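Everything below belongs to start.cif, which stores mmCIF, C-alpha atoms.
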data_start
#
loop_
_atom_site.label_atom_id
_atom_site.label_comp_id
_atom_site.auth_asym_id
_atom_site.auth_seq_id
_atom_site.Cartn_x
_atom_site.Cartn_y
_atom_site.Cartn_z
CA MET P 1 -130.14 -74.25 250.07
CA LEU P 2 -128.73 -73.01 246.84
CA TYR P 3 -126.91 -75.16 244.36
CA GLN P 4 -125.20 -73.97 241.22
CA LYS P 5 -123.57 -75.70 238.27
CA LYS P 6 -121.00 -74.13 236.03
CA VAL P 7 -121.37 -74.50 232.29
CA CYS P 8 -118.63 -73.63 229.81
CA ILE P 9 -119.43 -73.04 226.15
CA ILE P 10 -116.35 -73.07 223.93
CA PHE P 11 -116.29 -71.79 220.36
CA ASP P 12 -113.71 -72.81 217.82
CA ASP P 13 -112.30 -70.63 215.08
CA GLU P 14 -115.02 -71.62 212.66
CA GLY P 15 -117.76 -70.43 215.02
CA ALA P 16 -119.10 -73.94 215.64
CA SER P 17 -119.89 -74.73 219.28
CA THR P 18 -119.00 -77.62 221.48
CA GLN P 19 -120.39 -77.81 224.95
CA GLY P 20 -118.72 -79.24 228.01
CA GLU P 21 -119.70 -79.09 231.58
CA ILE P 22 -117.74 -78.41 234.69
CA ILE P 23 -119.97 -79.23 237.63
CA ASP P 24 -119.22 -76.98 240.55
CA VAL P 25 -121.48 -77.37 243.54
CA ILE P 26 -121.62 -74.24 245.64
CA TRP P 27 -123.52 -74.23 248.91
CA SER P 28 -124.61 -70.75 249.85
CA ARG P 29 -124.86 -71.16 253.61
CA CYS P 30 -122.54 -73.26 255.77
CA LYS P 31 -125.04 -73.24 258.62
CA GLU P 32 -127.35 -75.48 256.56
CA VAL P 33 -124.78 -78.19 255.96
CA VAL P 34 -126.84 -80.64 258.01
CA ARG P 35 -129.74 -80.17 255.62
CA LEU P 36 -127.61 -80.84 252.54
CA PHE P 37 -127.14 -84.57 253.02
CA PRO P 38 -130.66 -85.48 251.76
CA ILE P 39 -130.04 -83.47 248.57
CA ILE P 40 -126.68 -85.15 247.90
CA LEU P 41 -128.25 -88.55 248.56
CA ALA P 42 -131.19 -87.66 246.32
CA MET P 43 -128.82 -86.74 243.48
CA VAL P 44 -127.32 -90.22 243.66
CA LEU P 45 -130.66 -91.98 244.07
CA ILE P 46 -132.41 -90.05 241.31
CA SER P 47 -129.57 -90.89 238.90
CA VAL P 48 -129.70 -94.57 239.86
CA SER P 49 -133.49 -94.55 239.66
CA PHE P 50 -133.53 -93.05 236.16
CA ASP P 51 -130.80 -95.41 234.93
CA SER P 52 -132.50 -98.49 236.33
CA THR P 53 -135.85 -97.36 234.98
CA ALA P 54 -134.38 -97.02 231.50
CA GLN P 55 -132.83 -100.48 231.80
CA ASP P 56 -136.09 -102.01 233.04
CA SER P 57 -137.97 -100.38 230.19
CA ALA P 58 -135.48 -101.67 227.64
CA LYS P 59 -135.93 -105.17 229.05
CA GLY P 60 -139.69 -104.89 228.97
CA GLY P 61 -139.86 -104.65 232.76
CA ALA P 62 -141.98 -102.41 234.93
CA VAL P 63 -141.57 -98.68 234.57
CA GLY P 64 -140.42 -96.84 237.74
CA GLN P 65 -142.47 -94.32 239.64
CA LYS P 66 -142.95 -90.91 238.10
CA LEU P 67 -141.66 -87.73 239.73
CA THR P 68 -144.72 -85.52 240.05
CA LEU P 69 -144.23 -81.77 239.91
CA LYS P 70 -146.47 -78.99 238.62
CA PHE P 71 -145.37 -75.37 238.38
CA LEU P 72 -145.85 -72.09 236.50
CA PHE P 73 -142.88 -70.37 234.81
CA GLY P 74 -143.07 -66.87 233.32
CA PHE P 75 -140.84 -64.78 231.07
CA ALA P 76 -141.14 -61.65 228.94
CA GLN P 77 -139.26 -62.68 225.80
CA GLY P 78 -140.82 -63.85 222.53
CA ALA P 79 -141.04 -67.18 220.76
CA SER P 80 -137.81 -66.74 218.77
CA SER P 81 -135.72 -65.63 221.76
CA SER P 82 -132.87 -67.49 223.39
CA THR P 83 -134.95 -67.55 226.58
CA GLN P 84 -137.64 -69.53 224.76
CA ALA P 85 -134.96 -71.95 223.54
CA GLY P 86 -133.82 -72.36 227.12
CA VAL P 87 -137.37 -72.94 228.38
CA ASP P 88 -137.95 -75.57 225.69
CA ALA P 89 -134.75 -77.40 226.66
CA MET P 90 -135.68 -77.16 230.33
CA GLN P 91 -139.10 -78.66 229.71
CA ALA P 92 -137.62 -81.48 227.63
CA LYS P 93 -135.06 -82.31 230.31
CA LEU P 94 -137.67 -82.30 233.08
CA LYS P 95 -139.95 -84.54 231.04
CA ASP P 96 -137.10 -86.97 230.48
CA LEU P 97 -136.00 -87.00 234.12
CA SER P 98 -139.51 -87.37 235.51
CA LEU P 99 -140.84 -89.93 233.02
CA GLY P 100 -143.40 -87.34 231.96
CA GLY P 101 -144.53 -86.55 235.50
CA VAL P 102 -143.52 -82.87 235.49
CA GLU P 103 -146.03 -80.32 234.22
CA MET P 104 -144.18 -77.06 233.52
CA ASN P 105 -146.68 -74.45 232.41
CA SER P 106 -144.50 -71.82 230.71
CA ARG P 107 -145.94 -68.46 229.68
CA GLY P 108 -143.75 -66.17 227.57
CA GLY P 109 -144.21 -62.85 225.84
CA GLY P 110 -145.05 -61.05 229.07
CA VAL P 111 -148.56 -62.52 229.31
CA LEU P 112 -148.08 -62.84 233.09
CA GLY P 113 -147.21 -59.16 233.38
CA SER P 114 -144.09 -57.03 233.28
CA GLU P 115 -140.86 -58.39 234.71
CA ALA P 116 -141.35 -56.27 237.83
CA GLN P 117 -144.83 -57.72 238.23
CA MET P 118 -143.55 -61.26 237.74
CA LEU P 119 -140.86 -60.73 240.38
CA GLU P 120 -143.52 -59.58 242.82
CA SER P 121 -145.62 -62.63 241.94
CA VAL P 122 -142.66 -64.93 242.60
CA GLN P 123 -142.08 -63.27 245.96
CA LEU P 124 -145.75 -63.69 246.88
CA GLY P 125 -145.80 -67.29 245.66
CA THR P 126 -148.51 -66.81 243.04
CA LEU P 127 -145.85 -67.56 240.40
CA ASN P 128 -143.43 -70.41 241.06
CA ALA P 129 -140.56 -69.34 238.82
CA ALA P 130 -139.52 -66.79 236.20
CA ALA P 131 -136.70 -65.63 233.93
CA LEU P 132 -136.00 -61.98 234.74
CA SER P 133 -133.47 -59.50 233.38
CA SER P 134 -131.00 -58.38 236.01
CA PRO P 135 -132.07 -54.69 236.32
CA VAL P 136 -135.41 -55.82 237.77
CA LEU P 137 -133.54 -57.34 240.71
CA THR P 138 -131.28 -54.35 241.37
CA SER P 139 -133.64 -52.55 243.73
CA ILE P 140 -133.74 -55.64 245.94
CA LEU P 141 -130.18 -56.90 245.40
CA PRO P 142 -128.03 -53.76 244.98
CA LYS P 143 -124.92 -55.68 243.95
CA MET P 144 -126.79 -56.85 240.83
CA GLY P 145 -126.42 -53.25 239.66
CA VAL P 146 -122.90 -54.17 238.59
CA PHE P 147 -124.43 -55.67 235.43
CA ASP P 148 -125.70 -52.23 234.41
CA LEU P 149 -122.29 -50.56 234.71
CA PRO P 150 -121.02 -49.55 231.26
CA TYR P 151 -117.91 -51.24 229.92
CA ILE P 152 -117.17 -53.36 232.98
CA TRP P 153 -117.07 -56.54 230.87
CA ARG P 154 -114.31 -57.21 228.36
CA ASP P 155 -116.33 -59.80 226.44
CA LEU P 156 -118.74 -62.71 226.90
CA ASP P 157 -115.99 -65.03 228.15
CA HIS P 158 -115.20 -62.58 230.95
CA PHE P 159 -118.92 -62.24 231.71
CA PHE P 160 -119.53 -66.01 231.90
CA THR P 161 -116.41 -66.58 234.02
CA VAL P 162 -117.72 -64.17 236.65
CA ILE P 163 -121.42 -65.10 236.74
CA ASP P 164 -120.72 -68.84 236.82
CA GLY P 165 -118.27 -68.56 239.72
CA PRO P 166 -118.35 -67.71 243.42
CA LEU P 167 -118.26 -63.98 242.69
CA GLY P 168 -121.39 -64.26 240.57
CA LEU P 169 -123.13 -66.23 243.30
CA SER P 170 -122.26 -63.59 245.89
CA LEU P 171 -124.16 -60.95 243.90
CA THR P 172 -127.46 -62.68 244.73
CA LYS P 173 -126.80 -63.03 248.46
CA GLY P 174 -129.82 -62.04 250.51
CA SER P 175 -132.46 -63.05 247.97
CA GLU P 176 -134.03 -65.72 250.20
CA ALA P 177 -134.85 -63.13 252.84
CA LYS P 178 -136.80 -61.33 250.10
CA GLY P 179 -138.79 -64.44 249.22
CA PHE P 180 -136.92 -65.83 246.22
CA LEU P 181 -133.80 -67.75 245.17
CA VAL P 182 -131.66 -67.20 242.07
CA LEU P 183 -130.88 -70.71 240.80
CA SER P 184 -129.08 -69.88 237.57
CA GLN P 185 -127.92 -67.11 235.29
CA TRP P 186 -128.87 -67.43 231.63
CA VAL P 187 -127.81 -64.70 229.20
CA GLY P 188 -129.72 -61.49 228.61
CA GLY P 189 -127.18 -60.30 226.08
CA ILE P 190 -124.82 -57.61 224.86
CA ARG P 191 -126.53 -54.24 224.65
CA ASN P 192 -126.04 -51.93 221.64
CA MET P 193 -127.62 -48.73 220.34
CA TYR P 194 -129.70 -48.24 217.21
CA GLY P 195 -132.15 -45.75 215.73
CA ASN P 196 -132.15 -42.75 213.44
CA LYS P 197 -129.04 -40.87 214.57
CA ALA P 198 -125.54 -41.82 213.47
CA VAL P 199 -123.14 -42.14 216.42
CA TYR P 200 -119.42 -42.49 215.66
CA LYS P 201 -118.05 -41.18 218.97
CA VAL P 202 -119.41 -40.30 222.39
CA GLU P 203 -119.76 -36.60 221.43
CA ASP P 204 -122.33 -37.59 218.80
CA LEU P 205 -124.75 -38.59 221.57
CA LYS P 206 -125.15 -35.00 222.76
CA GLY P 207 -128.84 -34.15 222.81
CA VAL P 208 -129.91 -37.51 221.36
CA LYS P 209 -133.18 -38.71 222.85
CA ILE P 210 -132.61 -42.39 223.56
CA ARG P 211 -134.88 -45.06 224.98
CA ILE P 212 -132.99 -46.84 227.75
CA LEU P 213 -133.44 -49.69 230.15
CA GLN P 214 -135.28 -48.53 233.27
CA SER P 215 -132.24 -48.52 235.52
CA PRO P 216 -130.65 -45.76 237.64
CA VAL P 217 -127.21 -46.76 236.35
CA PHE P 218 -128.31 -46.53 232.71
CA LEU P 219 -130.02 -43.19 233.36
CA GLU P 220 -126.86 -41.64 234.83
CA SER P 221 -124.61 -43.30 232.24
CA PHE P 222 -126.40 -41.86 229.22
CA LYS P 223 -126.76 -38.47 230.86
CA ALA P 224 -123.00 -38.45 231.38
CA MET P 225 -122.55 -39.31 227.71
CA GLY P 226 -124.57 -36.21 226.78
CA ALA P 227 -127.76 -37.96 225.70
CA THR P 228 -131.31 -37.32 226.87
CA PRO P 229 -132.40 -40.72 228.23
CA ALA P 230 -136.05 -41.76 228.19
CA PRO P 231 -137.06 -44.86 230.20
CA ILE P 232 -139.84 -45.94 227.82
CA SER P 233 -141.36 -49.39 228.24
CA TRP P 234 -140.27 -52.02 225.74
CA PRO P 235 -143.68 -52.50 224.03
CA GLU P 236 -143.83 -48.74 223.33
CA THR P 237 -140.34 -48.51 221.82
CA TYR P 238 -141.31 -49.32 218.23
CA GLN P 239 -143.87 -46.51 218.11
CA ALA P 240 -141.51 -44.11 219.90
CA LEU P 241 -138.90 -44.64 217.17
CA GLN P 242 -141.52 -44.50 214.44
CA THR P 243 -143.00 -41.18 215.61
CA GLY P 244 -139.70 -39.55 216.57
CA THR P 245 -140.53 -39.47 220.27
CA VAL P 246 -137.00 -40.81 220.61
CA ASP P 247 -134.08 -40.66 218.20
CA ALA P 248 -132.55 -43.93 219.28
CA ALA P 249 -132.84 -46.90 221.61
CA GLU P 250 -130.57 -49.48 223.19
CA THR P 251 -131.04 -53.18 223.84
CA VAL P 252 -129.80 -56.60 222.80
CA LEU P 253 -129.82 -56.77 218.98
CA PRO P 254 -131.61 -60.15 218.74
CA ALA P 255 -134.42 -58.66 220.86
CA MET P 256 -134.53 -55.58 218.63
CA ILE P 257 -134.80 -57.87 215.59
CA ASP P 258 -137.48 -60.00 217.25
CA ALA P 259 -139.51 -56.80 217.80
CA ARG P 260 -138.92 -55.76 214.15
CA GLN P 261 -137.59 -52.39 215.25
CA TYR P 262 -135.23 -52.40 212.27
CA GLU P 263 -138.31 -51.26 210.32
CA VAL P 264 -138.12 -47.88 212.10
CA SER P 265 -134.32 -47.54 212.36
CA LYS P 266 -131.56 -46.41 209.99
CA PHE P 267 -128.45 -47.17 212.05
CA ALA P 268 -127.13 -49.92 214.30
CA ILE P 269 -124.34 -48.65 216.59
CA ILE P 270 -122.21 -51.49 217.96
CA SER P 271 -121.44 -49.87 221.28
CA ARG P 272 -121.43 -53.03 223.42
CA HIS P 273 -121.92 -50.83 226.46
CA ALA P 274 -123.29 -53.50 228.81
CA ILE P 275 -123.94 -57.22 229.18
CA ASN P 276 -126.90 -58.40 231.24
CA PRO P 277 -127.77 -61.87 232.53
CA MET P 278 -131.22 -63.41 232.59
CA SER P 279 -131.78 -64.59 236.16
CA ILE P 280 -133.81 -67.73 236.82
CA VAL P 281 -135.66 -67.09 240.07
CA VAL P 282 -137.97 -69.31 242.11
CA ASN P 283 -140.19 -68.71 245.11
CA ALA P 284 -138.01 -69.67 248.09
CA LYS P 285 -140.73 -71.28 250.19
CA TRP P 286 -141.99 -73.34 247.26
CA PHE P 287 -138.53 -74.57 246.25
CA ASN P 288 -137.41 -75.37 249.79
CA GLY P 289 -140.64 -77.30 250.32
CA LEU P 290 -140.08 -79.59 247.33
CA PRO P 291 -138.85 -83.16 247.91
CA PRO P 292 -135.07 -83.42 247.39
CA ASN P 293 -135.44 -85.41 244.16
CA ALA P 294 -137.75 -82.72 242.76
CA GLN P 295 -135.22 -80.02 243.66
CA VAL P 296 -132.46 -81.93 241.92
CA ALA P 297 -134.58 -82.53 238.81
CA LEU P 298 -135.54 -78.85 238.63
CA ILE P 299 -131.90 -77.78 238.88
CA GLU P 300 -130.95 -80.30 236.16
CA GLY P 301 -133.70 -78.90 233.94
CA ILE P 302 -132.58 -75.32 234.52
CA LYS P 303 -129.00 -76.27 233.69
CA ALA P 304 -130.10 -77.81 230.39
CA GLY P 305 -131.99 -74.61 229.69
CA GLN P 306 -128.90 -72.53 230.43
CA ILE P 307 -126.85 -74.43 227.86
CA ALA P 308 -129.52 -74.05 225.16
CA ASP P 309 -130.17 -70.39 225.98
CA ARG P 310 -126.50 -69.43 225.74
CA ALA P 311 -125.92 -71.37 222.53
CA LYS P 312 -128.98 -69.80 220.87
CA TYR P 313 -128.04 -66.31 221.99
CA ILE P 314 -124.45 -66.51 220.74
CA ASN P 315 -125.59 -67.74 217.34
CA ALA P 316 -128.24 -65.00 217.16
CA GLU P 317 -125.75 -62.31 218.17
CA ARG P 318 -123.31 -63.49 215.52
CA ASP P 319 -125.97 -63.34 212.81
CA ALA P 320 -127.64 -60.09 213.94
CA ILE P 321 -125.33 -57.64 212.19
CA LYS P 322 -125.61 -59.40 208.84
CA LEU P 323 -129.38 -59.50 209.16
CA LEU P 324 -129.59 -55.78 210.00
CA GLU P 325 -127.38 -54.94 207.03
CA SER P 326 -129.69 -57.00 204.81
CA LYS P 327 -132.59 -54.88 206.11
CA GLY P 328 -130.85 -51.72 204.93
CA LEU P 329 -129.40 -50.45 208.22
CA LYS P 330 -125.96 -48.90 208.28
CA VAL P 331 -123.87 -50.66 210.91
CA ILE P 332 -121.47 -48.32 212.73
CA GLN P 333 -118.47 -49.44 214.78
CA PRO P 334 -117.93 -46.32 216.93
CA ASP P 335 -114.72 -45.19 218.60
CA LEU P 336 -115.21 -46.51 222.14
CA GLU P 337 -112.38 -44.64 223.85
CA GLY P 338 -114.58 -41.70 224.87
CA PHE P 339 -117.36 -44.02 226.05
CA ARG P 340 -114.93 -45.92 228.27
CA LYS P 341 -113.65 -42.69 229.85
CA VAL P 342 -117.20 -41.69 230.78
CA ALA P 343 -117.76 -45.20 232.15
CA GLU P 344 -114.91 -44.81 234.63
CA GLY P 345 -116.77 -41.94 236.28
CA ILE P 346 -119.99 -43.99 236.46
CA HIS P 347 -118.11 -46.83 238.14
CA ARG P 348 -116.92 -44.38 240.81
CA GLN P 349 -120.39 -42.84 241.17
CA PHE P 350 -122.04 -46.18 241.97
CA SER P 351 -119.12 -47.70 243.84
CA ASP P 352 -120.60 -47.23 247.31
CA LYS P 353 -123.95 -48.76 246.36
CA ILE P 354 -122.59 -51.76 244.48
CA GLY P 355 -119.41 -52.21 246.49
CA PRO P 356 -115.93 -51.10 245.42
CA GLU P 357 -114.57 -54.57 246.17
CA THR P 358 -117.12 -56.11 243.78
CA ILE P 359 -116.24 -53.73 240.96
CA ALA P 360 -112.51 -54.21 241.53
CA ALA P 361 -112.86 -58.00 241.60
CA ILE P 362 -114.73 -58.04 238.26
CA VAL P 363 -112.37 -55.63 236.53
CA GLY P 364 -109.36 -57.63 237.74
CA LYS P 365 -110.83 -61.05 236.94
#

Exercise: express the given structure as structure tokens:
Amino acid sequence: MLYQKKVCIIFDDEGASTQGEIIDVIWSRCKEVVRLFPIILAMVLISVSFDSTAQDSAKGGAVGQKLTLKFLFGFAQGASSSTQAGVDAMQAKLKDLSLGGVEMNSRGGGVLGSEAQMLESVQLGTLNAAALSSPVLTSILPKMGVFDLPYIWRDLDHFFTVIDGPLGLSLTKGSEAKGFLVLSQWVGGIRNMYGNKAVYKVEDLKGVKIRILQSPVFLESFKAMGATPAPISWPETYQALQTGTVDAAETVLPAMIDARQYEVSKFAIISRHAINPMSIVVNAKWFNGLPPNAQVALIEGIKAGQIADRAKYINAERDAIKLLESKGLKVIQPDLEGFRKVAEGIHRQFSDKIGPETIAAIVGK
């Protein structure tokens, strides 16, 4: 069974954030409706249990039983990333809900392997859960390739509206048959270009050697823009820029800053060519085998992590340009008209694989 909650983050004109929640329970398979009653009941009972435990504790009474759960959670991002902020919030929420009975062993920075390796580990069950960028899932869930399409998203609001709704849930259909479930979508971020070549319009990319995300859609997109794409691994990107192996790279600016790649770059090109989610995946057999109250607690923890992750990312994105300027980079706001025209052809090229109805639904959302 798959259960999803929708979280809205609203920003006022001053850039300060307030967070509200709209809880939207989505059941992924009608045929399992009989199995859902224990989960719904557990949600009520776990809430009552935690409330009564808090009241008993305040009165000096006996403390309730702990929820016991041990699991391993992996992710590739560093200590200052929004993913780390989400993991910290998730751990805190689980500790609170379980009266300290949950042991979440989180390992960041890619110490458990590449994202592709972590996905394989989740499928095999040697890793319980992980935060994985969407391109890693594309080979297994083709509709997830929609996140790699250039210029399909108008902005973050459009992106969140889709991934938090039924359409976003439909993109992960079929994951259980592959050994995992996608329980939530955190934010990977808005992707931009940077490096040692100034790009003011799409024609300026002609012949530029650029490190790209290892994705078929990205490969074809940058070829169509005239660049020479190079799918170099993330840890090797700093040296590739430093030595001139590539002229440029593309990623989320907070990640570029975290990796200190501004030290080997002269320009930041605000192309905003894609927005990727960070998918929270769990081994299906492990999750389905948990007691209902443990499932509910895990989902509550992941939701708390989603809120913290998104808030941290949006603040980091807002501050990134100023920080890069302070490091001496020239920030370029390119003319995006030519990029968008190229993107239309890429949308058509990958329409059959991703689904024309999916692309049309997102564009018209």

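This file gives the following result for the PyMOL selection byres ((chain P and resi 145) around 9): P:Ser134, P:Pro135, P:Leu137, P:Thr138, P:Ser139, P:Leu141, P:Pro142, P:Lys143, P:Met144, P:Val146, P:Phe147, P:Asp148, P:Leu149, P:Ser215, P:Pro216, P:Val217, P:Phe350, P:Lys353, P:Ile354.
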
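In terms of minimum interatomic distance to Gly364 (chain P), P:Val162 ranks closest within P:Ala249, P:Val162, P:Leu323, P:Asp335, counting all atoms listed in the file.
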
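Of the listed residues P:Asp247, P:Ala85, P:Ala79, P:Val182, the one whose atoms come nearest to Ser170 (chain P) is P:Val182, with distances taken using only C-alpha atoms.
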
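Taking CA of Ser175 (chain P) as the reference point, CA of Gly289 (chain P) is found at 16.6 Å.
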
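Candidate residues P:Gly165, P:Gly78, P:Pro229, P:Gly355 were compared for distance to Leu213 (chain P), and the nearest is P:Pro229, using only C-alpha atoms.
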
Closest contacts (region 296-363 of chain P/region 91-114 of chain P, max 7 Å, all atoms listed in the file) as a tab-separated table:
residue	atom	partner	partner_atom	distance
P:Ala297	CA	P:Leu94	CA	6.5
P:Leu298	CA	P:Leu94	CA	6.9
P:Gly301	CA	P:Lys93	CA	5.2
P:Ala304	CA	P:Lys93	CA	6.7

Check: Any idea what's packed within 9 Å of Ile163 (chain P), counting only C-alpha atoms, ignoring anything in its chain fewer than 6 positions away? Could you give it as a PyMOL selection string?
Finding: chain P and resi 169+171+185+277

Note to self: I'd like the residues picked by the PyMOL selection byres ((chain P and resi 341) around 12) written out as number ranges by chain, using the chain letters and numbers from the file.
What the structure shows: P: 150-152, 201-202, 221, 224-225, 335-340, 342-348

Next item on the list: Taking the file as shown, find all residues satisfying the PyMOL selection byres ((chain P and resi 231) around 12) and write them as a ChimeraX atom specification.
Entry: /P:209-220,222,228-230,232-237,240,245-246,248-250

Check: Which residue out of P:Lys197, P:Lys223, P:Arg272, P:Lys70 has the minimum interatomic distance to Leu241 (chain P) when all atoms listed in the file are used?
Finding: P:Lys197

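Residues with any atom within 9 Å of Trp286 (chain P), counting only C-alpha atoms and excluding same-chain neighbours fewer than 4 positions away, are Gly125, Asn128, Val282 and Leu290 of chain P.
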
Could you turn the residues from that selection into a file that holds C-alpha atoms, as a short mmCIF file (atom, residue, chain, number, x, y, z; two decimals), in the coordinates of the input?
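In the end it all went to part.cif:
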data_model
loop_
_atom_site.label_atom_id
_atom_site.label_comp_id
_atom_site.auth_asym_id
_atom_site.auth_seq_id
_atom_site.Cartn_x
_atom_site.Cartn_y
_atom_site.Cartn_z
CA GLY P 125 -145.80 -67.29 245.66
CA ASN P 128 -143.43 -70.41 241.06
CA VAL P 282 -137.97 -69.31 242.11
CA LEU P 290 -140.08 -79.59 247.33
#

Next item on the list: List the neighbours of region 253-257 of chain P out to 10 Å using only C-alpha atoms; skip same-chain residues closer than 2 positions along the sequence, and give me the result as a PyMOL selection string.
Entry: chain P and resi 77-78+80-82+188-194+234+237-238+249-251+259-263+268+270+313-321+323-324

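From CA of Ile332 (chain P) back to CA of Phe267 (chain P), the distance works out to 7.1 Å.
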
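The residue that comes closest to Glu325 (chain P), out of P:Ser184, P:Lys206, P:Thr68, P:Ile269 and on the basis of only C-alpha atoms, is P:Ile269.
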
Margin query: I'd like the interatomic distance between CA of Ala361 (chain P) and CA of Leu167 (chain P), to a tenth of an Å.
Written below: 8.1 Å

Note to self: Calculated over all atoms listed in the file, which of the candidates P:Gln239, P:Phe180, P:Leu72, P:Trp153 has the smallest distance to Val281 (chain P)?
What the structure shows: P:Phe180
